[in-house]
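Enquirer: Provided herewith is a single structure, encoded as structure tokens, for subsequent inquiry.
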Amino acid sequence: MNDPVLSLSGLSHVYVNDKGASLALEGIELQVAKGEFVSLVGPSGCGKTTLLSLLAGLLKPTIGTVTVSGKPVTGPSPAVGYMLQQDYLFPWRTIGDNAAIGLEIAGNRNKETMRAVERWLAELGLAGYGGRYPHELSGGMRQRVALARTLVTEPDVLLLDEPFSALDLHIKLQLEDLVQHTLSRLGKTAVLVTHDLAEAAAMSDRVIVLGKGPGHIRKEVAIPDVIRRADPMAARRLPEFQAIFEELWAELDAVDGEGGGDHGA
Ligand code: ADP
Ligand code: MG
């Protein structure tokens, strides 16, 4: 791959605490190209969140290297945005002020960037909500605020750790479409962690199946163009979709055979 945006090489990670040391990831090799959308699936505890934390610079790898746009990761950087299952909106702040938090942390809140906050809220279907408070919004709307908060700082890479998994099904499907459209229009590179195999297959260019004990890459599944070109909601109805879903399901079942966890529906 020419000049990957994300690269993990010879990477292993050991957690050390008062109970001793445990190997969470071993021998990870992964490159993600600019604009590519990659999903990570695998049983609970196989190291998905650890892998994202290493990419985000929140953890330092025990062995190996992590680079973003060719530069070694030494800590959190504005080039990498993070979106989580919980939206972490502050209840006492307005939607506009919540969406501006990343800008404030970067010392970059001003008239111009606040106009960008408004533009992003409008773009994500939240025009006119800037003065409201989080408790006035539904779960799906709150996740859209979290997305606006991430995008307004203009990261090159988005790390998404189960951002849709707490939402009702139809809201989740709508948000998958919105996120995929938005990221592909902007040419952003994304890594999604999900336990929903249909979501992984519908949204991604490539799905990485991890196994555990310690966490390692078992298989990479390239998603056919016909599915990639379709919106995530429409992709699920394509005849080609079922075969990919079954391939991922079979791989996860094999992981379970080695002592894995559940992989949802
Ligand atoms: P996943 O996100 O795939 O469920 P995690 O990356 O959270 O997996 O965890 C991978 C492994 O590392 C698990 O065995 C977990 O118990 C362990 N682990 C995660 N965080 C810590 C930590 N802070 N200290 C010690 N062990 C941890
Ligand atoms: Mg996790």
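Here's how to read the names in the structure tokens: chain A, B, ... by the order shown, residue numbers from 1 in each chain, ligand numbers from 1 in the order shown.
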How would you report the residues lying within 7 Å of ligand 2, as a ChimeraX atom specification, if you count only C-alpha atoms and all ligand atoms?

Expert: /A:44-45,47-49

Enquirer: Hey, can you spit out that residue selection with C-alpha atoms as an mmCIF file, in the first residue's frame?

Expert:
```cif
data_model
loop_
_atom_site.group_PDB
_atom_site.id
_atom_site.type_symbol
_atom_site.label_atom_id
_atom_site.label_comp_id
_atom_site.auth_asym_id
_atom_site.auth_seq_id
_atom_site.Cartn_x
_atom_site.Cartn_y
_atom_site.Cartn_z
ATOM 1 C CA SER A 44 -15.150 -9.148 23.607
ATOM 2 C CA GLY A 45 -11.657 -8.750 25.090
ATOM 3 C CA GLY A 47 -8.127 -5.958 21.983
ATOM 4 C CA LYS A 48 -10.270 -3.770 19.691
ATOM 5 C CA THR A 49 -10.415 -0.800 22.062
#
```

Enquirer: Using only C-alpha atoms and all ligand atoms, which residues of the polymer chains come no farther than 12 Å from ligand 1? I'd like the answer as an MDAnalysis selection string.

Expert: chainID A and resid 12:26 40:54 58:59 84:85 160:162 192:195 209:217 260:263

Enquirer: So that I can check the secondary structure, give me every residue of range 158-265 of chain A assigned strand (DSSP E) by backbone DSSP, as a tab-separated table (two decimals) with N, CA and C atoms, in the first residue's frame.

Expert:
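File produced: part13.tsv:
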```tsv
chain	number	residue	atom	x	y	z
A	158	LEU	N	-10.80	9.24	11.61
A	158	LEU	CA	-11.81	9.07	12.66
A	158	LEU	C	-11.77	7.66	13.21
A	159	LEU	N	-11.69	7.55	14.53
A	159	LEU	CA	-11.76	6.27	15.21
A	159	LEU	C	-13.12	6.18	15.85
A	160	LEU	N	-13.87	5.13	15.51
A	160	LEU	CA	-15.26	5.01	15.94
A	160	LEU	C	-15.40	3.74	16.77
A	161	ASP	N	-15.59	3.87	18.08
A	161	ASP	CA	-15.68	2.69	18.95
A	161	ASP	C	-17.14	2.43	19.31
A	189	THR	N	-10.31	9.06	6.55
A	189	THR	CA	-9.93	7.68	6.82
A	189	THR	C	-10.61	7.27	8.12
A	190	ALA	N	-11.19	6.07	8.17
A	190	ALA	CA	-11.93	5.70	9.38
A	190	ALA	C	-11.66	4.27	9.80
A	191	VAL	N	-11.63	4.06	11.12
A	191	VAL	CA	-11.56	2.71	11.68
A	191	VAL	C	-12.72	2.57	12.66
A	192	LEU	N	-13.61	1.62	12.37
A	192	LEU	CA	-14.81	1.39	13.17
A	192	LEU	C	-14.67	0.08	13.94
A	193	VAL	N	-14.92	0.13	15.24
A	193	VAL	CA	-15.06	-1.10	16.03
A	193	VAL	C	-16.54	-1.37	16.20
A	206	ARG	N	-13.13	-2.81	4.05
A	206	ARG	CA	-12.39	-3.99	4.48
A	206	ARG	C	-12.78	-4.27	5.93
A	207	VAL	N	-12.97	-5.56	6.26
A	207	VAL	CA	-13.28	-5.94	7.64
A	207	VAL	C	-12.15	-6.82	8.17
A	208	ILE	N	-11.62	-6.45	9.33
A	208	ILE	CA	-10.53	-7.21	9.96
A	208	ILE	C	-11.15	-8.02	11.10
A	209	VAL	N	-10.97	-9.34	11.06
A	209	VAL	CA	-11.48	-10.19	12.12
A	209	VAL	C	-10.34	-10.50	13.08
A	210	LEU	N	-10.54	-10.13	14.34
A	210	LEU	CA	-9.52	-10.40	15.36
A	210	LEU	C	-9.90	-11.64	16.17
A	211	GLY	N	-8.87	-12.37	16.61
A	211	GLY	CA	-9.06	-13.46	17.54
A	211	GLY	C	-8.44	-13.07	18.87
A	216	HIS	N	-5.05	-10.98	18.02
A	216	HIS	CA	-4.27	-11.06	16.78
A	216	HIS	C	-5.22	-10.97	15.59
A	217	ILE	N	-4.67	-10.68	14.40
A	217	ILE	CA	-5.51	-10.62	13.20
A	217	ILE	C	-5.67	-12.02	12.65
A	218	ARG	N	-6.93	-12.48	12.54
A	218	ARG	CA	-7.22	-13.81	12.00
A	218	ARG	C	-7.44	-13.76	10.51
A	219	LYS	N	-8.15	-12.72	10.06
A	219	LYS	CA	-8.55	-12.70	8.67
A	219	LYS	C	-8.91	-11.29	8.24
A	220	GLU	N	-8.66	-10.98	6.98
A	220	GLU	CA	-9.14	-9.72	6.42
A	220	GLU	C	-10.11	-10.05	5.31
A	221	VAL	N	-11.27	-9.43	5.34
A	221	VAL	CA	-12.28	-9.67	4.32
A	221	VAL	C	-12.48	-8.39	3.52
A	222	ALA	N	-12.15	-8.45	2.21
A	222	ALA	CA	-12.37	-7.28	1.35
A	222	ALA	C	-13.84	-7.28	0.94
```

Enquirer: Once DSSP has gone over the backbone, tell me which residues of range 20-230 of chain A are in alpha helix (DSSP H), as an MDAnalysis selection string.

Expert: chainID A and resid 48:55 95:99 101:105 111:123 139:151 169:186 197:203 225:229

Enquirer: Leaving out Thr74 in chain A and any residue of its chain fewer than 2 positions from it, which residues lie within 8 Å of it when counting only C-alpha atoms, given as a PDB file with N, CA, C and O atoms, in the first residue's frame?

Expert:
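Dumped everything to part-v8.pdb:
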```
ATOM      1  N   GLY A  57      -3.064   7.436  20.238  1.00  0.00           N
ATOM      2  CA  GLY A  57      -1.956   7.947  21.052  1.00  0.00           C
ATOM      3  C   GLY A  57      -2.299   8.015  22.532  1.00  0.00           C
ATOM      4  O   GLY A  57      -1.613   8.685  23.299  1.00  0.00           O
ATOM      5  N   LYS A  60       0.850   3.818  24.706  1.00  0.00           N
ATOM      6  CA  LYS A  60       2.099   3.668  23.972  1.00  0.00           C
ATOM      7  C   LYS A  60       2.339   2.176  23.774  1.00  0.00           C
ATOM      8  O   LYS A  60       2.237   1.418  24.742  1.00  0.00           O
ATOM      9  N   PRO A  72       5.523   8.904  13.618  1.00  0.00           N
ATOM     10  CA  PRO A  72       5.253   8.070  14.798  1.00  0.00           C
ATOM     11  C   PRO A  72       4.286   8.783  15.749  1.00  0.00           C
ATOM     12  O   PRO A  72       4.393   9.995  15.946  1.00  0.00           O
ATOM     13  N   PRO A  76      -1.898  11.996  21.941  1.00  0.00           N
ATOM     14  CA  PRO A  76      -3.090  12.434  21.215  1.00  0.00           C
ATOM     15  C   PRO A  76      -2.760  13.596  20.282  1.00  0.00           C
ATOM     16  O   PRO A  76      -1.895  14.416  20.594  1.00  0.00           O
TER      17      PRO A  76
END
```

Enquirer: Within 12 Å of Arg119 in chain A, counting only C-alpha atoms, which residues qualify if same-chain residues fewer than 6 places away don't, as a list of chain:residue names?

Expert: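 Listing them by chain and then by number gives A:Gly96, A:Ala99, A:Glu112, A:Thr113, A:Gly125, A:Leu126, A:Ala127, A:Gly128, A:Tyr129, A:Gly130, A:Val145, A:Ala148, A:Arg149, A:Leu151, A:Val152.
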
Enquirer: Keeping only N, CA and C atoms, write those residues as a short mmCIF file (atom, residue, chain, number, x, y, z; two decimals), in the first residue's frame.

Expert:
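That gives us out23.cif:
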```cif
data_model
loop_
_atom_site.label_atom_id
_atom_site.label_comp_id
_atom_site.auth_asym_id
_atom_site.auth_seq_id
_atom_site.Cartn_x
_atom_site.Cartn_y
_atom_site.Cartn_z
N GLY A 96 -24.36 23.85 21.02
CA GLY A 96 -23.28 24.57 20.33
C GLY A 96 -21.99 24.55 21.14
N ALA A 99 -20.48 21.11 21.09
CA ALA A 99 -19.83 20.80 19.80
C ALA A 99 -18.51 21.55 19.65
N GLU A 112 -14.91 32.47 13.67
CA GLU A 112 -14.90 31.68 12.43
C GLU A 112 -15.18 30.20 12.71
N THR A 113 -14.49 29.66 13.75
CA THR A 113 -14.70 28.23 14.01
C THR A 113 -16.10 28.00 14.59
N GLY A 125 -28.19 17.78 10.23
CA GLY A 125 -29.63 17.79 10.51
C GLY A 125 -30.01 18.40 11.84
N LEU A 126 -29.15 19.27 12.39
CA LEU A 126 -29.42 19.86 13.70
C LEU A 126 -29.45 21.39 13.62
N ALA A 127 -29.86 21.92 12.46
CA ALA A 127 -29.96 23.38 12.33
C ALA A 127 -30.92 23.89 13.39
N GLY A 128 -30.56 24.97 14.07
CA GLY A 128 -31.45 25.56 15.06
C GLY A 128 -31.37 24.94 16.45
N TYR A 129 -30.53 23.90 16.60
CA TYR A 129 -30.44 23.24 17.92
C TYR A 129 -29.25 23.73 18.76
N GLY A 130 -28.46 24.67 18.22
CA GLY A 130 -27.25 25.10 18.91
C GLY A 130 -27.49 25.63 20.32
N VAL A 145 -24.47 15.26 17.44
CA VAL A 145 -23.70 16.35 18.06
C VAL A 145 -22.26 15.89 18.29
N ALA A 148 -20.47 16.05 15.09
CA ALA A 148 -20.14 17.45 14.75
C ALA A 148 -18.93 17.91 15.56
N ARG A 149 -18.94 17.58 16.86
CA ARG A 149 -17.84 17.96 17.75
C ARG A 149 -16.51 17.39 17.24
N LEU A 151 -15.89 16.36 13.95
CA LEU A 151 -15.53 16.80 12.59
C LEU A 151 -15.08 18.26 12.55
N VAL A 152 -15.58 19.08 13.47
CA VAL A 152 -15.28 20.51 13.39
C VAL A 152 -13.79 20.79 13.66
#
```

Enquirer: Hey, what's within 8 Å of Ile223 in chain A if we count only C-alpha atoms and toss same-chain stuff fewer than 3 positions away? As a PyMOL selection string, please?

Expert: chain A and resi 201+204-207+227-228+244

Enquirer: Using only C-alpha atoms for the distances, tell me which of A:Arg144, A:Leu173, A:Gln31, A:Pro61 is nearest to Leu89 in chain A.

Expert: A:Arg144

Enquirer: Which residues are near Val157 in chain A? Cut-off 10 Å, only C-alpha atoms, ignore same chain within fewer than 6 positions. Put them as a ChimeraX atom specification.

Expert: /A:5-6,34-37,55-56,68-69,78-82,151,183,187-191

Enquirer: Show me, as a PDB file with C-alpha atoms, in the first residue's frame, the residues that have an atom within 10 Å of Ala166 in chain A when counting only C-alpha atoms, minus same-chain residues fewer than 2 positions from it.

Expert:
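Contents of out27.pdb, as written:
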```pdb
ATOM      1  CA  GLN A  85     -20.617   4.605  22.238  1.00  0.00           C
ATOM      2  CA  GLN A  86     -21.413   7.227  24.888  1.00  0.00           C
ATOM      3  CA  GLY A 139     -30.001   9.500  21.464  1.00  0.00           C
ATOM      4  CA  GLY A 140     -29.491   9.665  17.687  1.00  0.00           C
ATOM      5  CA  GLN A 143     -24.616  11.129  18.596  1.00  0.00           C
ATOM      6  CA  GLU A 162     -19.209   1.225  18.706  1.00  0.00           C
ATOM      7  CA  PRO A 163     -20.817   4.652  18.168  1.00  0.00           C
ATOM      8  CA  PHE A 164     -24.124   3.159  16.973  1.00  0.00           C
ATOM      9  CA  ASP A 168     -32.597   1.846  18.224  1.00  0.00           C
ATOM     10  CA  LEU A 169     -32.285  -0.084  14.958  1.00  0.00           C
ATOM     11  CA  LYS A 172     -28.759   3.293  13.890  1.00  0.00           C
TER      12      LYS A 172
END
```

Enquirer: So what do you get for CA of Gln180 in chain A versus CA of Ala235 in chain A, distance-wise?

Expert: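 Here the two named atoms are 12.1 Å from each other.
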
Enquirer: So, with only C-alpha atoms as the atoms that count, which of A:Arg115, A:Ala230, A:Thr150, A:Asn110 lies closest to Tyr88 in chain A?

Expert: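 Smallest distance to Tyr88 in chain A is found for A:Thr150.
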